[in-house]
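I have placed the structure first, in the form of structure tokens, so that the comments after it can refer back to it.
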Amino acid sequence: MTSTRRVKTAVAAAGISSFALLYAPQPVLPQLAAQYHLDPGGAALAVSVATGALSIAVLPIAALSEVVGRRPVILTSVIASVVFGLLLPLMPTYPALLVLRALQGVAIAGFPGVAAAYLAERLGRAGVAAAVGAMIAGNTIGGMLGRLASGFTAGPLGWRGALFVVAGVGAICSAITVVTLPPGTRARGDAQLRAVAKGLVTALSKPVLLAQYAVALLAMGSFVALYNAAGFRLTGDPLDLSPAIASLVFLAYATGSVSSAAAGRLVARVGRRRALIGALLLTAVGATLTLPDSLPLVIAGFLVLTCAFFAAHAVANGWAAADAPENARGQVGGMYTATYYLGSSVGGAAGAWVYGHAGWPWLIALVAAWLLLAAAAVSVGTRVREERRELVSAA
């Protein structure tokens, strides 16, 4: 196996493991709610505490990788997250489960926070694009596989058995990463940490970048809020599906792989600004389609909103990378990742709480407002950039 192929295999396997484990509890939230007498908002904490811990840990772990190296951080991440995944079904109480999920979120943060920098250093510009594609594919497959595996096995095995199954999948993938991941470049020490801090200030100073962070926060919050509540809506009255059938909604993730790949062509045709605002508005349209108590419309709505969300994410992520100053590329990527998972944590929990206390229509109203706010942030942030360019040209 060539070095490049080993890298692609390793990061794809790490992505599958990390994101399968991160979102495995999502399909079994109704079962958690039933066992521990929780409302949907309380059950959704099983997802939100992990993504929240990830969002907090990602920047410090990225800085740590400058000192100890990228490969040790990635390997520690995939191994520790699997260990926590195997322990998770053994927790005797719900608070203990939440504590372990928070620790698992910190462990998982080592992969998304460091992987892109590892690939850039290991492969250079010539090979990094294909490897990043393999990594994103692994992330998407992992998120879908973890949800489907836990959803399909929750019926016969219960939620504890379902989480064991996903942890087993993660263990196999993490073993592949450990065996195939080549060494990275040497750690660069304390001097680089000062540059990291300086770059972080730069990453927070450009309005166009702040707009992309807003998209990451608000769009991801909307997306996870809808999927956190989806299991309750699909398995409850009047749709009344079984957990296994309800988990098929996560097959909509396949449309995300297509739309994220097509986002580049859309940007080339209409520009980043129009493409991103259009994708955010289409996400809101898809959410609105799920309002009637009609299974075909609910399915169609999830297909549309998932496709549009991943297109928006691809455009915003690429825009942030393209506009990142040379001395702050890693920090911009870290900030985007941090706000993305902060949105998952806070938005996912808030959305589930709104659904549990006010119902699906109010959840749709909430996420529509978030998506419109994200579109407004893009409009304002990019207008500031255009005005600054006009001033520079006039001078």
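Going through the structure tokens in order, the chains are called A, B, and so on, while each chain numbers its residues from 1 and the ligands are numbered from 1 in the order shown.
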Any chance you could tabulate, as CSV, the residues of stretch 48-152 of chain A at most 12 Å from stretch 217-230 of chain A with each one's nearest atom pair and distance in Å to one decimal, using only C-alpha atoms, in chain and rising number order?
```
residue,atom,partner,partner_atom,distance
A:Ser48,CA,A:Val224,CA,9.3
A:Thr51,CA,A:Val224,CA,10.5
A:Gly52,CA,A:Gly221,CA,11.4
A:Ser55,CA,A:Leu217,CA,10.6
A:Gly143,CA,A:Val224,CA,11.9
A:Met144,CA,A:Tyr227,CA,11.9
A:Arg147,CA,A:Tyr227,CA,10.6
```
- Leaving out A:Ala338 and any residue of its chain fewer than 6 positions from it, which residues lie within 9 Å of it when counting only C-alpha atoms, given as a ChimeraX atom specification? /A:52,54-59,113,213,216-217
Output for the residues just chosen: N, CA, C and O atoms as a PDB file, in the first residue's frame:
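In the end it all went to out-v6.pdb:
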```
ATOM      1  N   GLY A  52     -20.876  19.480  22.630  1.00  0.00           N
ATOM      2  CA  GLY A  52     -20.444  20.675  23.341  1.00  0.00           C
ATOM      3  C   GLY A  52     -19.028  20.532  23.863  1.00  0.00           C
ATOM      4  O   GLY A  52     -18.211  21.462  23.752  1.00  0.00           O
ATOM      5  N   LEU A  54     -16.773  18.610  22.642  1.00  0.00           N
ATOM      6  CA  LEU A  54     -15.915  18.633  21.454  1.00  0.00           C
ATOM      7  C   LEU A  54     -15.617  20.073  21.033  1.00  0.00           C
ATOM      8  O   LEU A  54     -14.461  20.417  20.749  1.00  0.00           O
ATOM      9  N   SER A  55     -16.649  20.913  21.010  1.00  0.00           N
ATOM     10  CA  SER A  55     -16.449  22.291  20.561  1.00  0.00           C
ATOM     11  C   SER A  55     -15.513  23.058  21.483  1.00  0.00           C
ATOM     12  O   SER A  55     -14.749  23.918  21.035  1.00  0.00           O
ATOM     13  N   ILE A  56     -15.557  22.758  22.781  1.00  0.00           N
ATOM     14  CA  ILE A  56     -14.681  23.432  23.741  1.00  0.00           C
ATOM     15  C   ILE A  56     -13.252  22.910  23.642  1.00  0.00           C
ATOM     16  O   ILE A  56     -12.285  23.669  23.756  1.00  0.00           O
ATOM     17  N   ALA A  57     -13.105  21.615  23.391  1.00  0.00           N
ATOM     18  CA  ALA A  57     -11.779  20.993  23.426  1.00  0.00           C
ATOM     19  C   ALA A  57     -10.994  21.128  22.136  1.00  0.00           C
ATOM     20  O   ALA A  57      -9.766  20.987  22.137  1.00  0.00           O
ATOM     21  N   VAL A  58     -11.660  21.408  21.012  1.00  0.00           N
ATOM     22  CA  VAL A  58     -10.990  21.288  19.722  1.00  0.00           C
ATOM     23  C   VAL A  58      -9.816  22.257  19.570  1.00  0.00           C
ATOM     24  O   VAL A  58      -8.740  21.872  19.075  1.00  0.00           O
ATOM     25  N   LEU A  59      -9.968  23.496  20.009  1.00  0.00           N
ATOM     26  CA  LEU A  59      -8.867  24.459  19.868  1.00  0.00           C
ATOM     27  C   LEU A  59      -7.690  24.144  20.789  1.00  0.00           C
ATOM     28  O   LEU A  59      -6.542  24.147  20.336  1.00  0.00           O
ATOM     29  N   GLY A 113     -10.097  18.159  14.955  1.00  0.00           N
ATOM     30  CA  GLY A 113      -9.292  19.338  15.238  1.00  0.00           C
ATOM     31  C   GLY A 113      -7.885  19.290  14.678  1.00  0.00           C
ATOM     32  O   GLY A 113      -7.233  20.323  14.551  1.00  0.00           O
ATOM     33  N   TYR A 213     -18.553  31.523  10.523  1.00  0.00           N
ATOM     34  CA  TYR A 213     -18.736  30.919  11.848  1.00  0.00           C
ATOM     35  C   TYR A 213     -20.211  30.971  12.245  1.00  0.00           C
ATOM     36  O   TYR A 213     -20.724  30.033  12.877  1.00  0.00           O
ATOM     37  N   ALA A 216     -21.930  28.169  10.522  1.00  0.00           N
ATOM     38  CA  ALA A 216     -21.623  26.909  11.192  1.00  0.00           C
ATOM     39  C   ALA A 216     -22.457  26.746  12.459  1.00  0.00           C
ATOM     40  O   ALA A 216     -23.034  25.681  12.717  1.00  0.00           O
ATOM     41  N   LEU A 217     -22.552  27.804  13.255  1.00  0.00           N
ATOM     42  CA  LEU A 217     -23.277  27.755  14.520  1.00  0.00           C
ATOM     43  C   LEU A 217     -24.775  27.563  14.309  1.00  0.00           C
ATOM     44  O   LEU A 217     -25.390  26.646  14.876  1.00  0.00           O
TER      45      LEU A 217
END
```
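Restricting the calculation to only C-alpha atoms, the smallest distance between A:Ala46 and any of A:Leu291, A:Leu100, A:Ile141, A:Val11 is found for A:Leu100.
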Write out as a PyMOL selection string which residues come within 10 Å of A:Gly15 when counting only C-alpha atoms, dropping same-chain ones fewer than 3 positions away. chain A and resi 9-12+18-21+78+108+111-112+115+134-143+170+173-174+177
Requested in this report: Excluding A:Gly271 and residues on its chain fewer than 5 positions from it, collect all residues at most 12 Å away from it, counting only C-alpha atoms, and give them as a count of residues only.
Outcome: 11
**Q.** Near-stretch 102-104 of chain A list (7 Å; only C-alpha atoms; drop same-chain fewer than 6 positions) as number ranges by chain
**A.** A: 49-50, 53, 81, 84
Atom CA of A:Ala374 to atom CA of A:Val106 measures 27.0 Å
- Message: With only C-alpha atoms as the counted atoms, please give the residues lying no more than 9 Å from A:Ala117, apart from itself and same-chain residues fewer than 4 positions off, as a VMD selection string.
- Response: chain A and resid 62 70 113 121 to 122 330
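Every protein, DNA or RNA residue with an atom at most 10 Å from A:Val298, where only C-alpha atoms count and chain neighbours fewer than 2 positions away do not, is listed here: Ala230, Arg233, Leu234, Leu239, Val249, Gly286, Ala287, Thr288, Leu289, Thr290, Leu291, Pro292, Asp293, Ser294, Leu295, Pro296, Ala300, Gly301, Phe302, Leu303 and Val304 of chain A.
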Could you take the residues named above and write them with all heavy atoms, as a CSV table (one decimal), in the first residue's frame?
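See out.csv below for the written result:
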```csv
chain,number,residue,atom,x,y,z
A,230,ALA,N,-36.4,14.1,15.4
A,230,ALA,CA,-37.0,13.3,14.4
A,230,ALA,C,-37.5,12.0,14.9
A,230,ALA,O,-38.6,11.5,14.6
A,230,ALA,CB,-36.0,13.1,13.3
A,233,ARG,N,-40.8,12.4,16.7
A,233,ARG,CA,-41.9,12.6,15.8
A,233,ARG,C,-42.3,11.4,15.0
A,233,ARG,O,-43.5,11.1,14.8
A,233,ARG,CB,-41.5,13.8,14.9
A,233,ARG,CG,-42.6,14.1,13.8
A,233,ARG,CD,-42.5,15.5,13.3
A,233,ARG,NE,-43.2,15.7,12.1
A,233,ARG,CZ,-44.5,15.9,12.0
A,233,ARG,NH1,-45.3,15.7,13.1
A,233,ARG,NH2,-45.1,16.1,10.8
A,234,LEU,N,-41.3,10.7,14.5
A,234,LEU,CA,-41.6,9.5,13.7
A,234,LEU,C,-42.1,8.3,14.4
A,234,LEU,O,-42.9,7.6,13.9
A,234,LEU,CB,-40.3,9.1,12.9
A,234,LEU,CG,-39.8,10.2,11.9
A,234,LEU,CD1,-38.4,9.8,11.3
A,234,LEU,CD2,-40.8,10.3,10.7
A,239,LEU,N,-47.7,9.3,13.3
A,239,LEU,CA,-46.9,8.5,12.3
A,239,LEU,C,-46.6,7.1,12.8
A,239,LEU,O,-46.6,6.1,12.1
A,239,LEU,CB,-45.6,9.2,12.0
A,239,LEU,CG,-45.8,10.6,11.3
A,239,LEU,CD1,-44.4,11.3,11.1
A,239,LEU,CD2,-46.5,10.5,10.0
A,249,VAL,N,-34.6,7.5,8.3
A,249,VAL,CA,-34.5,8.9,7.9
A,249,VAL,C,-33.1,9.3,7.8
A,249,VAL,O,-32.8,10.2,7.0
A,249,VAL,CB,-35.3,9.7,9.0
A,249,VAL,CG1,-34.5,9.8,10.3
A,249,VAL,CG2,-35.5,11.1,8.5
A,286,GLY,N,-37.1,23.0,3.2
A,286,GLY,CA,-37.2,21.6,3.5
A,286,GLY,C,-37.7,21.4,4.9
A,286,GLY,O,-38.6,20.5,5.1
A,287,ALA,N,-37.3,22.2,5.9
A,287,ALA,CA,-37.9,22.0,7.2
A,287,ALA,C,-39.4,22.3,7.2
A,287,ALA,O,-40.1,21.6,7.9
A,287,ALA,CB,-37.2,23.0,8.2
A,288,THR,N,-39.8,23.3,6.5
A,288,THR,CA,-41.2,23.6,6.4
A,288,THR,C,-42.0,22.5,5.8
A,288,THR,O,-43.2,22.3,6.2
A,288,THR,CB,-41.4,24.9,5.7
A,288,THR,OG1,-40.6,26.0,6.2
A,288,THR,CG2,-42.8,25.4,5.7
A,289,LEU,N,-41.5,21.8,4.9
A,289,LEU,CA,-42.2,20.7,4.2
A,289,LEU,C,-42.6,19.6,5.2
A,289,LEU,O,-43.5,18.8,5.0
A,289,LEU,CB,-41.3,20.0,3.1
A,289,LEU,CG,-41.2,20.8,1.8
A,289,LEU,CD1,-40.2,20.1,0.9
A,289,LEU,CD2,-42.6,20.9,1.1
A,290,THR,N,-41.9,19.5,6.4
A,290,THR,CA,-42.1,18.4,7.3
A,290,THR,C,-43.3,18.8,8.3
A,290,THR,O,-43.6,17.9,9.1
A,290,THR,CB,-40.9,18.1,8.2
A,290,THR,OG1,-40.6,19.3,9.0
A,290,THR,CG2,-39.7,17.8,7.3
A,291,LEU,N,-43.9,19.9,8.1
A,291,LEU,CA,-45.0,20.3,9.0
A,291,LEU,C,-46.2,19.4,9.0
A,291,LEU,O,-46.7,19.1,10.0
A,291,LEU,CB,-45.4,21.8,8.7
A,291,LEU,CG,-44.5,22.9,9.4
A,291,LEU,CD1,-44.8,24.2,8.8
A,291,LEU,CD2,-44.6,22.8,10.9
A,292,PRO,N,-46.8,19.1,7.8
A,292,PRO,CA,-48.0,18.2,7.8
A,292,PRO,C,-47.7,16.9,8.4
A,292,PRO,O,-46.6,16.3,8.3
A,292,PRO,CB,-48.3,18.2,6.3
A,292,PRO,CG,-47.6,19.3,5.7
A,292,PRO,CD,-46.4,19.5,6.4
A,293,ASP,N,-48.7,16.2,8.9
A,293,ASP,CA,-48.6,14.9,9.5
A,293,ASP,C,-48.8,13.9,8.3
A,293,ASP,O,-49.6,13.0,8.3
A,293,ASP,CB,-49.7,14.6,10.5
A,293,ASP,CG,-49.4,15.4,11.8
A,293,ASP,OD1,-48.2,15.7,12.1
A,293,ASP,OD2,-50.4,15.8,12.4
A,294,SER,N,-47.9,14.0,7.3
A,294,SER,CA,-47.9,13.1,6.2
A,294,SER,C,-46.5,12.5,6.0
A,294,SER,O,-45.5,13.3,5.8
A,294,SER,CB,-48.3,13.9,4.9
A,294,SER,OG,-47.9,13.2,3.7
A,295,LEU,N,-46.4,11.2,6.1
A,295,LEU,CA,-45.1,10.6,6.0
A,295,LEU,C,-44.3,10.9,4.7
A,295,LEU,O,-43.1,11.2,4.8
A,295,LEU,CB,-45.2,9.1,6.2
A,295,LEU,CG,-43.9,8.3,6.3
A,295,LEU,CD1,-43.0,8.8,7.5
A,295,LEU,CD2,-44.1,6.8,6.5
A,296,PRO,N,-45.0,10.9,3.5
A,296,PRO,CA,-44.2,11.3,2.3
A,296,PRO,C,-43.7,12.7,2.4
A,296,PRO,O,-42.5,12.9,1.9
A,296,PRO,CB,-45.3,11.1,1.2
A,296,PRO,CG,-46.2,10.1,1.7
A,296,PRO,CD,-46.3,10.4,3.2
A,300,ALA,N,-39.8,13.8,2.3
A,300,ALA,CA,-39.3,14.7,1.3
A,300,ALA,C,-38.7,15.9,2.0
A,300,ALA,O,-37.6,16.4,1.5
A,300,ALA,CB,-40.5,15.2,0.5
A,301,GLY,N,-39.2,16.4,3.1
A,301,GLY,CA,-38.7,17.5,3.8
A,301,GLY,C,-37.3,17.2,4.3
A,301,GLY,O,-36.4,18.1,4.2
A,302,PHE,N,-37.1,16.1,4.9
A,302,PHE,CA,-35.7,15.7,5.4
A,302,PHE,C,-34.7,15.5,4.3
A,302,PHE,O,-33.6,15.9,4.4
A,302,PHE,CB,-35.8,14.5,6.3
A,302,PHE,CG,-36.1,14.8,7.7
A,302,PHE,CD1,-37.4,14.7,8.2
A,302,PHE,CD2,-35.1,15.2,8.6
A,302,PHE,CE1,-37.7,15.0,9.6
A,302,PHE,CE2,-35.3,15.5,9.9
A,302,PHE,CZ,-36.6,15.4,10.4
A,303,LEU,N,-35.2,15.0,3.1
A,303,LEU,CA,-34.3,14.9,2.0
A,303,LEU,C,-33.8,16.3,1.5
A,303,LEU,O,-32.6,16.5,1.3
A,303,LEU,CB,-35.0,14.1,0.9
A,303,LEU,CG,-35.2,12.6,1.1
A,303,LEU,CD1,-36.1,12.1,0.0
A,303,LEU,CD2,-33.8,11.9,1.1
A,304,VAL,N,-34.8,17.2,1.4
A,304,VAL,CA,-34.4,18.5,0.9
A,304,VAL,C,-33.6,19.3,1.9
A,304,VAL,O,-32.5,19.9,1.6
A,304,VAL,CB,-35.7,19.3,0.7
A,304,VAL,CG1,-35.4,20.8,0.4
A,304,VAL,CG2,-36.5,18.8,-0.5
```
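When only C-alpha atoms are used to compute distances to A:Ala244, the closest of the residues A:Tyr355, A:Trp159, A:Phe152, A:Phe310 turns out to be A:Phe152.
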